[in-house]
file protein.cif (mmCIF, C-alpha atoms and all ligand atoms)
data_target
loop_
_atom_site.label_atom_id
_atom_site.label_comp_id
_atom_site.auth_asym_id
_atom_site.auth_seq_id
_atom_site.Cartn_x
_atom_site.Cartn_y
_atom_site.Cartn_z
CA MET T 1 -1.82 -17.52 7.65
CA ALA T 2 -2.66 -13.87 7.17
CA ARG T 3 -1.69 -10.97 9.40
CA ILE T 4 -3.75 -8.68 11.58
CA GLY T 5 -3.01 -5.08 10.53
CA ILE T 6 -2.74 -2.33 13.15
CA ILE T 7 -2.45 1.36 12.19
CA GLY T 8 -1.84 4.33 14.47
CA ALA T 9 -1.07 7.90 13.44
CA LEU T 10 1.56 8.82 16.03
CA ASP T 11 4.62 7.22 17.64
CA ASP T 12 2.80 7.19 20.99
CA GLU T 13 -0.04 5.27 19.39
CA ILE T 14 2.10 2.33 18.21
CA ALA T 15 5.01 2.39 20.69
CA ILE T 16 3.39 -0.08 23.08
CA TYR T 17 2.86 -2.67 20.38
CA LEU T 18 6.40 -2.37 19.08
CA ALA T 19 7.81 -2.81 22.57
CA LYS T 20 5.82 -6.03 23.04
CA MET T 21 6.23 -7.52 19.59
CA LYS T 22 8.27 -10.71 19.23
CA THR T 23 10.68 -11.39 16.30
CA ALA T 24 9.96 -8.09 14.65
CA SER T 25 11.14 -7.16 11.13
CA ARG T 26 10.83 -3.77 9.51
CA PHE T 27 9.99 -2.98 5.87
CA LYS T 28 9.81 0.47 4.31
CA VAL T 29 7.04 0.80 1.71
CA ALA T 30 5.64 4.05 0.26
CA GLY T 31 7.49 5.97 2.96
CA PHE T 32 5.90 4.04 5.84
CA ASP T 33 7.68 1.65 8.21
CA PHE T 34 5.81 -1.64 8.50
CA HIS T 35 6.75 -3.79 11.49
CA THR T 36 5.88 -7.49 11.22
CA GLY T 37 6.05 -10.04 14.01
CA LYS T 38 4.02 -11.76 16.70
CA LEU T 39 1.74 -10.08 19.21
CA GLU T 40 -0.13 -12.33 21.66
CA GLY T 41 1.12 -15.22 19.50
CA LYS T 42 -0.62 -13.83 16.39
CA SER T 43 1.04 -12.59 13.20
CA VAL T 44 0.63 -8.84 12.99
CA VAL T 45 1.82 -5.92 10.90
CA ILE T 46 1.96 -2.53 12.57
CA ALA T 47 2.48 0.88 11.00
CA LYS T 48 2.55 4.53 11.96
CA CYS T 49 0.68 6.31 9.18
CA GLY T 50 1.28 9.90 10.32
CA VAL T 51 -1.46 12.49 10.71
CA GLY T 52 -4.27 13.11 8.23
CA LYS T 53 -6.45 11.22 5.78
CA VAL T 54 -3.98 11.10 2.89
CA ASN T 55 -1.33 9.50 5.08
CA ALA T 56 -3.89 7.14 6.59
CA SER T 57 -5.30 5.96 3.29
CA SER T 58 -1.99 5.48 1.50
CA CYS T 59 -0.61 3.58 4.50
CA ALA T 60 -3.71 1.36 4.65
CA GLN T 61 -3.48 0.59 0.92
CA ALA T 62 0.24 -0.23 1.14
CA MET T 63 -0.49 -2.49 4.11
CA ILE T 64 -3.28 -4.31 2.27
CA ASP T 65 -1.21 -4.64 -0.93
CA GLY T 66 1.97 -5.84 0.68
CA PHE T 67 1.27 -7.60 3.94
CA SER T 68 -1.66 -9.99 3.43
CA VAL T 69 -3.87 -8.61 6.16
CA SER T 70 -7.10 -10.35 7.16
CA CYS T 71 -8.37 -7.23 8.93
CA VAL T 72 -7.21 -3.75 9.92
CA ILE T 73 -7.50 -2.24 13.40
CA VAL T 74 -7.10 1.53 13.80
CA THR T 75 -5.69 2.39 17.21
CA GLY T 76 -5.09 5.67 19.04
CA VAL T 77 -6.72 8.74 20.48
CA ALA T 78 -9.62 11.00 19.56
CA GLY T 79 -11.46 14.12 20.64
CA ALA T 80 -14.81 13.51 22.34
CA LEU T 81 -18.03 14.73 20.72
CA HIS T 82 -20.52 12.74 22.79
CA PRO T 83 -21.25 14.65 26.02
CA LEU T 84 -20.82 11.57 28.22
CA LEU T 85 -17.33 10.75 26.95
CA ASP T 86 -14.41 11.69 29.17
CA THR T 87 -10.62 11.32 28.97
CA ASN T 88 -9.53 7.67 28.53
CA HIS T 89 -13.04 6.46 27.70
CA ILE T 90 -13.09 4.30 24.61
CA VAL T 91 -15.08 4.53 21.39
CA ILE T 92 -15.50 1.29 19.45
CA SER T 93 -16.55 2.17 15.92
CA GLN T 94 -19.76 0.83 14.50
CA THR T 95 -19.46 3.37 11.72
CA SER T 96 -17.18 6.15 10.54
CA ILE T 97 -17.64 9.14 8.24
CA GLN T 98 -15.28 11.66 6.60
CA HIS T 99 -16.82 14.83 8.04
CA ASP T 100 -14.82 17.22 5.82
CA LEU T 101 -15.83 15.60 2.53
CA ASP T 102 -18.29 18.16 1.20
CA GLY T 103 -19.88 17.67 -2.22
CA GLN T 104 -23.04 19.62 -1.41
CA GLY T 105 -22.36 21.93 -4.34
CA LEU T 106 -22.60 18.87 -6.57
CA GLY T 107 -25.84 17.78 -4.96
CA PHE T 108 -24.44 15.22 -2.57
CA ASP T 109 -24.71 14.88 1.22
CA ARG T 110 -21.92 16.16 3.43
CA GLY T 111 -19.64 13.21 4.14
CA GLN T 112 -20.78 11.38 1.02
CA VAL T 113 -18.11 10.43 -1.49
CA PRO T 114 -19.50 12.27 -4.56
CA PHE T 115 -20.80 10.13 -7.42
CA SER T 116 -20.90 7.07 -5.19
CA ASP T 117 -23.21 5.67 -2.55
CA LYS T 118 -20.41 5.70 0.03
CA LYS T 119 -20.74 7.85 3.11
CA VAL T 120 -20.99 5.71 6.24
CA PHE T 121 -18.30 3.04 6.57
CA ARG T 122 -19.40 0.14 8.70
CA ALA T 123 -16.92 -1.71 10.91
CA SER T 124 -16.90 -5.52 10.99
CA GLU T 125 -19.74 -6.68 13.28
CA HIS T 126 -17.60 -9.61 14.35
CA LEU T 127 -14.76 -7.32 15.44
CA VAL T 128 -17.16 -4.92 17.19
CA LYS T 129 -18.65 -7.81 19.15
CA ILE T 130 -15.23 -8.99 20.30
CA ALA T 131 -14.13 -5.44 21.17
CA SER T 132 -17.22 -4.66 23.24
CA SER T 133 -17.07 -7.92 25.13
CA LYS T 134 -13.35 -7.44 25.88
CA ALA T 135 -13.96 -3.83 27.00
CA ARG T 136 -16.67 -5.07 29.38
CA GLN T 137 -14.36 -7.77 30.76
CA MET T 138 -11.66 -5.16 31.38
CA GLY T 139 -14.14 -2.82 33.07
CA LEU T 140 -13.30 -0.10 30.56
CA LYS T 141 -15.71 2.78 30.05
CA SER T 142 -16.55 2.28 26.39
CA MET T 143 -19.30 2.91 23.88
CA GLU T 144 -20.04 1.67 20.39
CA GLY T 145 -20.55 4.64 18.12
CA THR T 146 -19.62 6.80 15.16
CA VAL T 147 -16.09 8.06 14.54
CA LEU T 148 -15.73 11.19 12.41
CA SER T 149 -12.48 11.94 10.60
CA GLY T 150 -11.24 15.04 8.79
CA ASP T 151 -8.06 16.93 8.10
CA GLN T 152 -8.57 19.31 11.02
CA PHE T 153 -7.68 19.17 14.67
CA ILE T 154 -10.99 20.19 16.22
CA SER T 155 -10.49 22.67 19.07
CA ASP T 156 -13.57 24.86 19.32
CA ALA T 157 -16.94 24.29 20.89
CA GLU T 158 -18.88 25.54 17.84
CA THR T 159 -17.36 23.04 15.40
CA ARG T 160 -17.65 20.29 17.97
CA LYS T 161 -21.36 21.04 18.35
CA ARG T 162 -21.90 21.16 14.61
CA LEU T 163 -20.14 17.83 14.00
CA ARG T 164 -22.25 16.17 16.65
CA ALA T 165 -25.45 17.69 15.28
CA ASP T 166 -24.72 17.09 11.58
CA PHE T 167 -23.29 13.59 11.70
CA GLY T 168 -24.22 12.18 15.12
CA GLY T 169 -20.49 11.65 15.69
CA ASP T 170 -19.27 10.38 19.06
CA CYS T 171 -15.59 11.22 18.62
CA VAL T 172 -13.36 12.89 16.07
CA ASP T 173 -9.92 12.12 14.71
CA MET T 174 -7.93 12.77 11.55
CA GLU T 175 -7.44 9.29 10.05
CA SER T 176 -9.88 6.50 10.91
CA ALA T 177 -12.63 6.97 8.32
CA ALA T 178 -9.99 7.18 5.57
CA VAL T 179 -8.64 3.77 6.61
CA ALA T 180 -12.23 2.49 6.74
CA HIS T 181 -12.80 3.78 3.20
CA ILE T 182 -9.72 1.94 1.91
CA CYS T 183 -10.68 -1.26 3.75
CA ASP T 184 -14.16 -1.03 2.25
CA ALA T 185 -12.72 -0.60 -1.25
CA ASN T 186 -10.53 -3.70 -0.77
CA GLY T 187 -13.12 -5.89 0.97
CA ILE T 188 -11.03 -6.03 4.16
CA PRO T 189 -12.83 -5.94 7.54
CA HIS T 190 -11.83 -3.16 9.91
CA ILE T 191 -12.49 -1.70 13.34
CA ILE T 192 -11.51 1.58 15.01
CA ILE T 193 -10.59 1.68 18.70
CA ARG T 194 -10.10 5.26 19.91
CA SER T 195 -9.48 6.41 23.46
CA ILE T 196 -10.44 9.98 24.37
CA SER T 197 -7.57 12.43 24.80
CA ASP T 198 -9.57 15.71 24.76
CA LYS T 199 -13.01 17.18 24.20
CA ALA T 200 -12.33 18.89 20.86
CA ASP T 201 -13.00 22.25 22.51
CA ALA T 202 -10.90 25.28 23.47
CA SER T 203 -8.80 23.15 25.87
CA ALA T 204 -8.24 20.42 23.28
CA LEU T 205 -4.58 21.14 22.62
CA GLU T 206 -3.65 21.30 26.28
CA ASP T 207 -5.67 18.17 27.09
CA PHE T 208 -4.29 16.33 24.07
CA ASN T 209 -0.70 17.05 25.13
CA ALA T 210 -1.39 15.97 28.69
CA SER T 211 -3.38 12.81 27.87
CA CYS T 212 -2.22 11.49 24.51
CA LYS T 213 0.27 8.92 25.82
CA ILE T 214 -2.01 7.43 28.45
CA ALA T 215 -5.09 7.44 26.20
CA ALA T 216 -3.06 5.76 23.42
CA ALA T 217 -1.95 3.06 25.86
CA ASN T 218 -5.56 2.57 26.84
CA SER T 219 -6.58 1.98 23.24
CA ALA T 220 -3.62 -0.42 22.80
CA LYS T 221 -4.67 -2.44 25.85
CA LEU T 222 -8.06 -3.15 24.31
CA VAL T 223 -6.59 -3.83 20.86
CA GLU T 224 -4.21 -6.42 22.33
CA LEU T 225 -7.16 -8.26 23.86
CA ILE T 226 -8.97 -8.18 20.53
CA VAL T 227 -5.86 -9.60 18.81
CA CYS T 228 -5.86 -12.44 21.37
CA ASP T 229 -9.27 -13.53 20.11
CA LEU T 230 -8.51 -13.34 16.40
CA ASP T 231 -6.72 -15.70 14.12
CA GLY T 232 -5.03 -14.74 10.89
CA HIS T 233 -8.07 -15.67 8.81
CA ASP T 234 -10.67 -13.74 10.75
CA ALA T 235 -13.43 -12.51 8.50
CA LYS T 236 -11.29 -13.21 5.43
CA PRO T 237 -13.25 -14.33 2.40
CA ALA T 238 -13.30 -18.12 1.99
CA PRO T 239 -10.39 -19.35 -0.14
CA HIS T 240 -11.26 -19.75 -3.75
CA ASN T 241 -11.42 -23.40 -4.90
CA LEU T 242 -8.10 -23.60 -6.65
CA LYS T 243 -8.18 -27.26 -7.57
CA SER T 244 -11.05 -26.63 -9.95
CA ALA T 245 -8.77 -24.24 -11.87
CA ILE T 246 -6.45 -27.08 -12.95
CA ARG T 247 -7.29 -28.57 -16.35
CA THR T 248 -6.63 -32.28 -16.78
CA VAL T 249 -5.61 -33.26 -20.31
CA PRO T 250 -5.85 -37.07 -20.66
CA HIS T 251 -3.13 -38.97 -22.54
CA TRP T 252 -0.81 -36.01 -23.03
CA PRO T 253 2.08 -35.92 -23.82
CA LYS T 254 1.67 -39.71 -24.10
CA GLN T 255 -0.89 -42.45 -23.59
CA GLY T 256 -1.77 -43.05 -19.94
CA VAL T 257 -0.60 -39.68 -18.59
CA MET T 258 -3.20 -37.34 -17.06
CA PHE T 259 -1.52 -33.97 -17.68
CA ARG T 260 -2.31 -31.41 -14.97
CA ASP T 261 -2.35 -28.10 -16.82
CA VAL T 262 -1.86 -24.86 -14.84
CA THR T 263 -2.57 -22.50 -17.75
CA ILE T 264 -6.26 -22.15 -16.80
CA LEU T 265 -5.28 -21.21 -13.24
CA LEU T 266 -2.82 -18.65 -14.62
CA LYS T 267 -5.36 -17.19 -17.04
CA ASP T 268 -7.98 -16.69 -14.31
CA LYS T 269 -7.00 -13.60 -12.30
CA ARG T 270 -8.80 -14.77 -9.17
CA SER T 271 -7.15 -18.20 -9.18
CA PHE T 272 -3.68 -16.85 -9.95
CA LYS T 273 -4.00 -14.25 -7.20
CA CYS T 274 -5.36 -16.82 -4.78
CA ALA T 275 -2.42 -19.20 -5.42
CA ILE T 276 0.16 -16.45 -4.91
CA ASP T 277 -1.72 -15.10 -1.85
CA LEU T 278 -1.70 -18.54 -0.22
CA LEU T 279 2.02 -18.97 -0.84
CA ALA T 280 2.83 -15.42 0.28
CA ASP T 281 0.83 -15.97 3.48
CA ARG T 282 2.90 -19.05 4.21
CA TYR T 283 6.31 -17.61 3.48
CA MET T 284 6.08 -14.00 4.61
CA ASP T 285 7.66 -14.73 8.00
CA TYR T 286 10.32 -17.18 6.76
CA GLN T 287 13.08 -14.56 6.43
CA LEU T 288 13.85 -15.74 2.89
CA ASP T 289 16.66 -14.17 0.85
CA SER T 290 15.49 -15.32 -2.60
CA VAL T 291 13.09 -17.55 -4.48
CA ALA T 292 14.63 -19.98 -6.97
CA GLY T 293 12.33 -21.12 -9.78
CA ILE T 294 12.79 -24.08 -12.09
CA GLU T 295 12.36 -23.52 -15.83
CA ALA T 296 9.76 -22.95 -17.16
CA ARG T 297 6.55 -22.85 -15.12
CA GLY T 298 8.51 -22.44 -11.88
CA PHE T 299 9.54 -19.05 -13.27
CA ILE T 300 5.92 -17.89 -13.42
CA PHE T 301 4.91 -18.83 -9.87
CA GLY T 302 8.37 -18.21 -8.42
CA ALA T 303 8.76 -14.72 -9.85
CA ALA T 304 5.24 -13.64 -8.83
CA LEU T 305 5.84 -14.95 -5.31
CA ALA T 306 9.28 -13.32 -5.03
CA HIS T 307 7.76 -10.00 -6.08
CA ARG T 308 5.00 -10.32 -3.47
CA LEU T 309 7.54 -11.16 -0.76
CA GLY T 310 9.74 -8.24 -1.80
CA ILE T 311 12.78 -10.46 -2.51
CA GLY T 312 14.79 -11.47 -5.57
CA PHE T 313 14.35 -14.34 -8.02
CA ILE T 314 16.94 -16.88 -9.20
CA PRO T 315 16.34 -18.85 -12.42
CA ILE T 316 17.42 -22.49 -12.62
CA ARG T 317 17.58 -23.29 -16.33
CA LYS T 318 18.19 -26.05 -18.83
CA ALA T 319 21.84 -26.35 -19.88
CA GLY T 320 23.22 -23.69 -22.19
CA LYS T 321 20.65 -20.97 -21.47
CA LEU T 322 22.38 -18.95 -18.76
CA PRO T 323 24.93 -16.46 -20.10
CA SER T 324 27.54 -16.24 -17.31
CA ASN T 325 29.52 -18.77 -15.24
CA THR T 326 27.36 -21.65 -14.10
CA ILE T 327 27.44 -24.87 -12.15
CA SER T 328 25.36 -27.78 -13.37
CA GLU T 329 23.64 -30.96 -12.19
CA GLU T 330 22.41 -33.92 -14.17
CA TYR T 331 18.93 -35.19 -13.57
CA SER T 332 17.12 -38.24 -14.85
CA LEU T 333 14.28 -38.09 -17.27
CA GLU T 334 12.33 -40.98 -18.68
CA TYR T 335 14.69 -41.48 -21.65
CA GLY T 336 18.08 -40.59 -20.28
CA LYS T 337 19.66 -37.64 -18.56
CA GLU T 338 19.34 -33.85 -18.80
CA LYS T 339 21.40 -31.06 -17.31
CA MET T 340 20.25 -27.99 -15.37
CA GLU T 341 22.30 -24.95 -14.42
CA ILE T 342 22.44 -22.03 -12.03
CA HIS T 343 24.69 -18.98 -12.18
CA SER T 344 27.68 -19.44 -9.84
CA ASP T 345 27.02 -16.00 -8.35
CA ALA T 346 23.24 -16.46 -8.03
CA LEU T 347 23.34 -16.53 -4.23
CA SER T 348 25.63 -16.04 -1.26
CA LYS T 349 26.68 -18.65 1.28
CA GLY T 350 24.04 -19.03 4.00
CA ASP T 351 21.22 -17.48 1.95
CA ASN T 352 17.77 -18.86 2.72
CA ILE T 353 16.26 -19.99 -0.57
CA LEU T 354 12.74 -21.15 -1.38
CA LEU T 355 12.62 -23.52 -4.35
CA VAL T 356 9.47 -23.17 -6.49
CA ASP T 357 8.04 -25.22 -9.34
CA ASP T 358 4.53 -25.76 -10.60
CA LEU T 359 4.36 -29.53 -10.09
CA LEU T 360 6.14 -32.24 -8.11
CA ALA T 361 6.14 -35.62 -9.90
CA THR T 362 9.18 -37.93 -9.61
CA GLY T 363 11.21 -35.20 -7.91
CA GLY T 364 14.28 -35.62 -10.14
CA THR T 365 14.33 -32.00 -11.29
CA ALA T 366 13.59 -30.58 -7.84
CA LEU T 367 16.30 -32.68 -6.23
CA GLY T 368 18.82 -31.55 -8.85
CA ALA T 369 17.82 -27.91 -8.20
CA CYS T 370 18.22 -28.40 -4.43
CA ARG T 371 21.71 -29.79 -5.03
CA LEU T 372 22.66 -26.77 -7.13
CA ILE T 373 21.51 -24.40 -4.37
CA SER T 374 23.26 -26.45 -1.67
CA ARG T 375 26.52 -26.58 -3.65
CA LEU T 376 26.59 -22.77 -3.72
CA GLY T 377 26.18 -22.74 0.07
CA GLY T 378 22.48 -21.84 0.03
CA ASN T 379 19.99 -23.22 2.53
CA VAL T 380 16.91 -24.70 0.83
CA VAL T 381 14.26 -23.62 3.32
CA GLU T 382 11.49 -25.53 1.55
CA CYS T 383 10.54 -26.95 -1.84
CA CYS T 384 7.21 -25.45 -2.82
CA PHE T 385 4.83 -26.58 -5.55
CA VAL T 386 1.35 -25.72 -6.71
CA ILE T 387 0.56 -29.38 -7.43
CA CYS T 388 1.93 -32.65 -6.05
CA LEU T 389 1.39 -36.11 -7.56
CA PRO T 390 2.34 -38.21 -4.51
CA GLU T 391 2.08 -41.55 -6.30
CA LEU T 392 5.09 -40.62 -8.46
CA GLY T 393 7.31 -40.55 -5.36
CA GLY T 394 8.85 -37.06 -5.63
CA LYS T 395 7.65 -35.95 -2.23
CA LYS T 396 9.19 -39.01 -0.57
CA LYS T 397 12.41 -38.59 -2.53
CA LEU T 398 12.85 -34.96 -1.44
CA GLN T 399 11.94 -35.72 2.16
CA GLU T 400 14.40 -38.62 2.27
CA ALA T 401 17.07 -36.16 1.10
CA LYS T 402 16.00 -33.97 4.09
CA TYR T 403 14.27 -31.25 2.11
CA ASP T 404 10.92 -29.95 3.39
CA VAL T 405 8.05 -30.04 0.90
CA PHE T 406 4.91 -27.91 0.62
CA TYR T 407 2.21 -27.79 -2.05
CA LEU T 408 -1.24 -26.31 -2.51
CA MET T 409 -3.04 -29.39 -3.83
CA GLU T 410 -2.51 -32.98 -4.80
CA PHE T 411 -3.92 -35.28 -7.47
CA GLU T 412 -4.09 -39.06 -7.56
CA GLY T 413 -2.29 -41.01 -10.26
CA GLU T 414 0.28 -39.94 -12.82
N1 LIG T 501 -7.38 13.52 17.78
C1 LIG T 501 -7.40 13.68 19.11
N2 LIG T 501 -8.09 14.77 19.43
C2 LIG T 501 -8.54 15.31 18.27
C3 LIG T 501 -9.30 16.45 17.95
N3 LIG T 501 -9.73 17.27 18.92
N4 LIG T 501 -9.55 16.70 16.65
C4 LIG T 501 -9.10 15.88 15.68
N5 LIG T 501 -8.37 14.80 15.95
C5 LIG T 501 -8.09 14.50 17.22
#
call {"tool": "encode", "arguments": {"input": "protein.cif", "output": "structure tokens", "more": "lines below"}}
Ligand code: ADE
result
Amino acid sequence: MARIGIIGALDDEIAIYLAKMKTASRFKVAGFDFHTGKLEGKSVVIAKCGVGKVNASSCAQAMIDGFSVSCVIVTGVAGALHPLLDTNHIVISQTSIQHDLDGQGLGFDRGQVPFSDKKVFRASEHLVKIASSKARQMGLKSMEGTVLSGDQFISDAETRKRLRADFGGDCVDMESAAVAHICDANGIPHIIIRSISDKADASALEDFNASCKIAAANSAKLVELIVCDLDGHDAKPAPHNLKSAIRTVPHWPKQGVMFRDVTILLKDKRSFKCAIDLLADRYMDYQLDSVAGIEARGFIFGAALAHRLGIGFIPIRKAGKLPSNTISEEYSLEYGKEKMEIHSDALSKGDNILLVDDLLATGGTALGACRLISRLGGNVVECCFVICLPELGGKKKLQEAKYDVFYLMEFEGE
């Protein structure tokens, strides 16, 4: 389950969401505070990016990199360029342009990103449709149009006129098109919902100060209704077929065994990313303290997942490999018993731990690892695998011992 991302530039533009959000957590990344939680029952991440295109784009990229967003909604206020727009009217972006990007001297159009074909950033049609229908239902005065963004607060009639004439802009702000640019570069759908605070003319500052709070609340009202209609996967590219990235090696390591080999999945950047994305989507709201991985392939998936979740990693290793004080558990293998170990100081009492391995077969190793974590006072929140072979009984064994089990795919047989 992915999150819906919401970005506003000012405190006033995100305050309403934060006040309404349930079970909120805060993470600081790249200097921005990201608030995660539920809004209208949906998983969201909300950030104040600050003013200007550099702030907006770095915040959008950090949000996309770290918070698994299915789409980004820009919320807040703008100056009107269209003559029919008045205070508190809403502009729903069809397109946005960076009006201050000027490569004319290099032979490019104003607004065009030089040496690229990018100029007009198109919002998600799906999101625009929802926004317009919700605005109609609410009886809001709204229009679909073009949002211009630049690193200037526009407060004179001449510039206002020029922006309207040159770009056909309907409203102007200082962030939206930069977020749209970043979303475009990452293949993430976006929409901009701006409510008018001023007319970008000589009275702009005075009007902005008088209207910002109310106009921001107006934008938030519409965004909340849009969020109601979205689920975490809205407009997200279809998940890559991960199962096809597992290689089956017959009769290895012995006759009769169909060995499910994850090395092809790991080698393929799309498959590896997809596997970690799916796990990160699942666990991002679990309030985990650490991921524990079982040697050896559990280290690969576990460490990548821990990094994505912004938490630490605990290795559970074969006996004799860990350098400091350990506790150990025996587990059964086909021909006798083996020992696994964890550092005695690997976790603190009450820590929420996710156990990760590549494959669940008979469950002997996973159960031993769960016991190690439990003996140190940790809470095994779930046992997570890329592959499960249900016929080998590991899933049942773990569940009977009261451990929850999750995996991305299963295969028949041994
Ligand atoms: N945001 C709100 N009003 C604005 C204006 N007049 N210029 C730029 N950004 C704005």
call {"tool": "residues_near_ligand", "arguments": {"input": "protein.cif", "ligand": "ligand LIG 501 (chain T)", "cutoff": "6 Å", "atoms": "only C-alpha atoms and all ligand atoms", "output": "list in words"}}
result
Val77, Ala78, Gly79, Gln152, Phe153, Ile154, Ser155, Val172, Asp173, Met174, Ser197, Asp198, Ala200 and Ala204 of chain T
call {"tool": "closest_residue", "arguments": {"input": "protein.cif", "among": "T:Gly363, T:Leu163, T:Arg247, T:Glu410", "to": "Leu392 of chain T", "atoms": "only C-alpha atoms"}}
result
T:Gly363
call {"tool": "atom_distance", "arguments": {"input": "protein.cif", "atom1": "atom CA of Glu338 of chain T", "atom2": "atom CA of Lys321 of chain T"}}
result
13.2 Å
call {"tool": "closest_residue", "arguments": {"input": "protein.cif", "among": "T:Ile16, T:Val262, T:Val257, T:Ile373", "to": "Asp345 of chain T", "atoms": "only C-alpha atoms"}}
result
T:Ile373
call {"tool": "residues_around", "arguments": {"input": "protein.cif", "residues": "Ala62 of chain T", "least_positions_apart": "4", "cutoff": "9 Å", "atoms": "only C-alpha atoms", "output": "list in words"}}
result
Val29, Ala30, Phe32, Ser57, Ser58, Gly66 and Phe67 of chain T
call {"tool": "atom_distance", "arguments": {"input": "protein.cif", "atom1": "atom CA of Leu10 of chain T", "atom2": "atom CA of Val120 of chain T"}}
result
24.8 Å
call {"tool": "axis_aligned_box", "arguments": {"input": "protein.cif", "around": "segment 126-141 of chain T", "padding_each_side": "5 Å", "output": "lines of an AutoDock Vina configuration file"}}
result
center_x = -15.2
center_y = -3.4
center_z = 23.7
size_x = 17.0
size_y = 22.4
size_z = 28.7
call {"tool": "closest_residue", "arguments": {"input": "protein.cif", "among": "T:Ile6, T:Leu225, T:Val91, T:Val74", "to": "Gly41 of chain T", "atoms": "only C-alpha atoms"}}
result
T:Leu225
call {"tool": "atom_distance", "arguments": {"input": "protein.cif", "atom1": "atom CA of Leu265 of chain T", "atom2": "atom CA of Val72 of chain T"}}
result
29.1 Å
call {"tool": "residues_around", "arguments": {"input": "protein.cif", "residues": "segment 177-194 of chain T", "least_positions_apart": "6", "cutoff": "6 Å", "atoms": "all atoms listed in the file", "output": "ChimeraX atom specification"}}
result
/T:53,56-57,60,71-78,90-93,96-98,123-124,149,219
call {"tool": "write_last_selection", "arguments": {"input": "protein.cif", "atoms": "C-alpha atoms", "output": "short mmCIF file (atom, residue, chain, number, x, y, z; two decimals), keeping the file's coordinate frame"}}
result
data_model
loop_
_atom_site.label_atom_id
_atom_site.label_comp_id
_atom_site.auth_asym_id
_atom_site.auth_seq_id
_atom_site.Cartn_x
_atom_site.Cartn_y
_atom_site.Cartn_z
CA LYS T 53 -6.45 11.22 5.78
CA ALA T 56 -3.89 7.14 6.59
CA SER T 57 -5.30 5.96 3.29
CA ALA T 60 -3.71 1.36 4.65
CA CYS T 71 -8.37 -7.23 8.93
CA VAL T 72 -7.21 -3.75 9.92
CA ILE T 73 -7.50 -2.24 13.40
CA VAL T 74 -7.10 1.53 13.80
CA THR T 75 -5.69 2.39 17.21
CA GLY T 76 -5.09 5.67 19.04
CA VAL T 77 -6.72 8.74 20.48
CA ALA T 78 -9.62 11.00 19.56
CA ILE T 90 -13.09 4.30 24.61
CA VAL T 91 -15.08 4.53 21.39
CA ILE T 92 -15.50 1.29 19.45
CA SER T 93 -16.55 2.17 15.92
CA SER T 96 -17.18 6.15 10.54
CA ILE T 97 -17.64 9.14 8.24
CA GLN T 98 -15.28 11.66 6.60
CA ALA T 123 -16.92 -1.71 10.91
CA SER T 124 -16.90 -5.52 10.99
CA SER T 149 -12.48 11.94 10.60
CA SER T 219 -6.58 1.98 23.24
#
call {"tool": "closest_residue", "arguments": {"input": "protein.cif", "among": "T:Ala369, T:Ala217, T:Ala361, T:Gly312", "to": "Glu330 of chain T", "atoms": "all atoms listed in the file"}}
result
T:Ala369
call {"tool": "residues_around", "arguments": {"input": "protein.cif", "residues": "Val291 of chain T", "least_positions_apart": "2", "cutoff": "8 Å", "atoms": "all atoms listed in the file", "output": "list in words"}}
result
Leu288, Asp289, Gly293, Gly302, Ala303, Leu305, Ala306, Ile311, Gly312, Phe313, Ile314, Ile353, Leu354, Leu355 and Val356 of chain T
call {"tool": "residues_around", "arguments": {"input": "protein.cif", "residues": "Gly103 of chain T", "least_positions_apart": "5", "cutoff": "12 Å", "atoms": "all atoms listed in the file", "output": "JSON, numbers by chain"}}
result
{"T": [98, 108, 109, 110, 111, 112, 113, 114, 115, 116, 119]}
call {"tool": "residues_around", "arguments": {"input": "protein.cif", "residues": "Pro323 of chain T", "least_positions_apart": "3", "cutoff": "9 Å", "atoms": "all atoms listed in the file", "output": "PyMOL selection string"}}
result
chain T and resi 320+326+343
call {"tool": "closest_residue", "arguments": {"input": "protein.cif", "among": "T:Asp102, T:Glu412, T:Asp11, T:Glu341", "to": "Pro390 of chain T", "atoms": "all atoms listed in the file"}}
result
T:Glu412
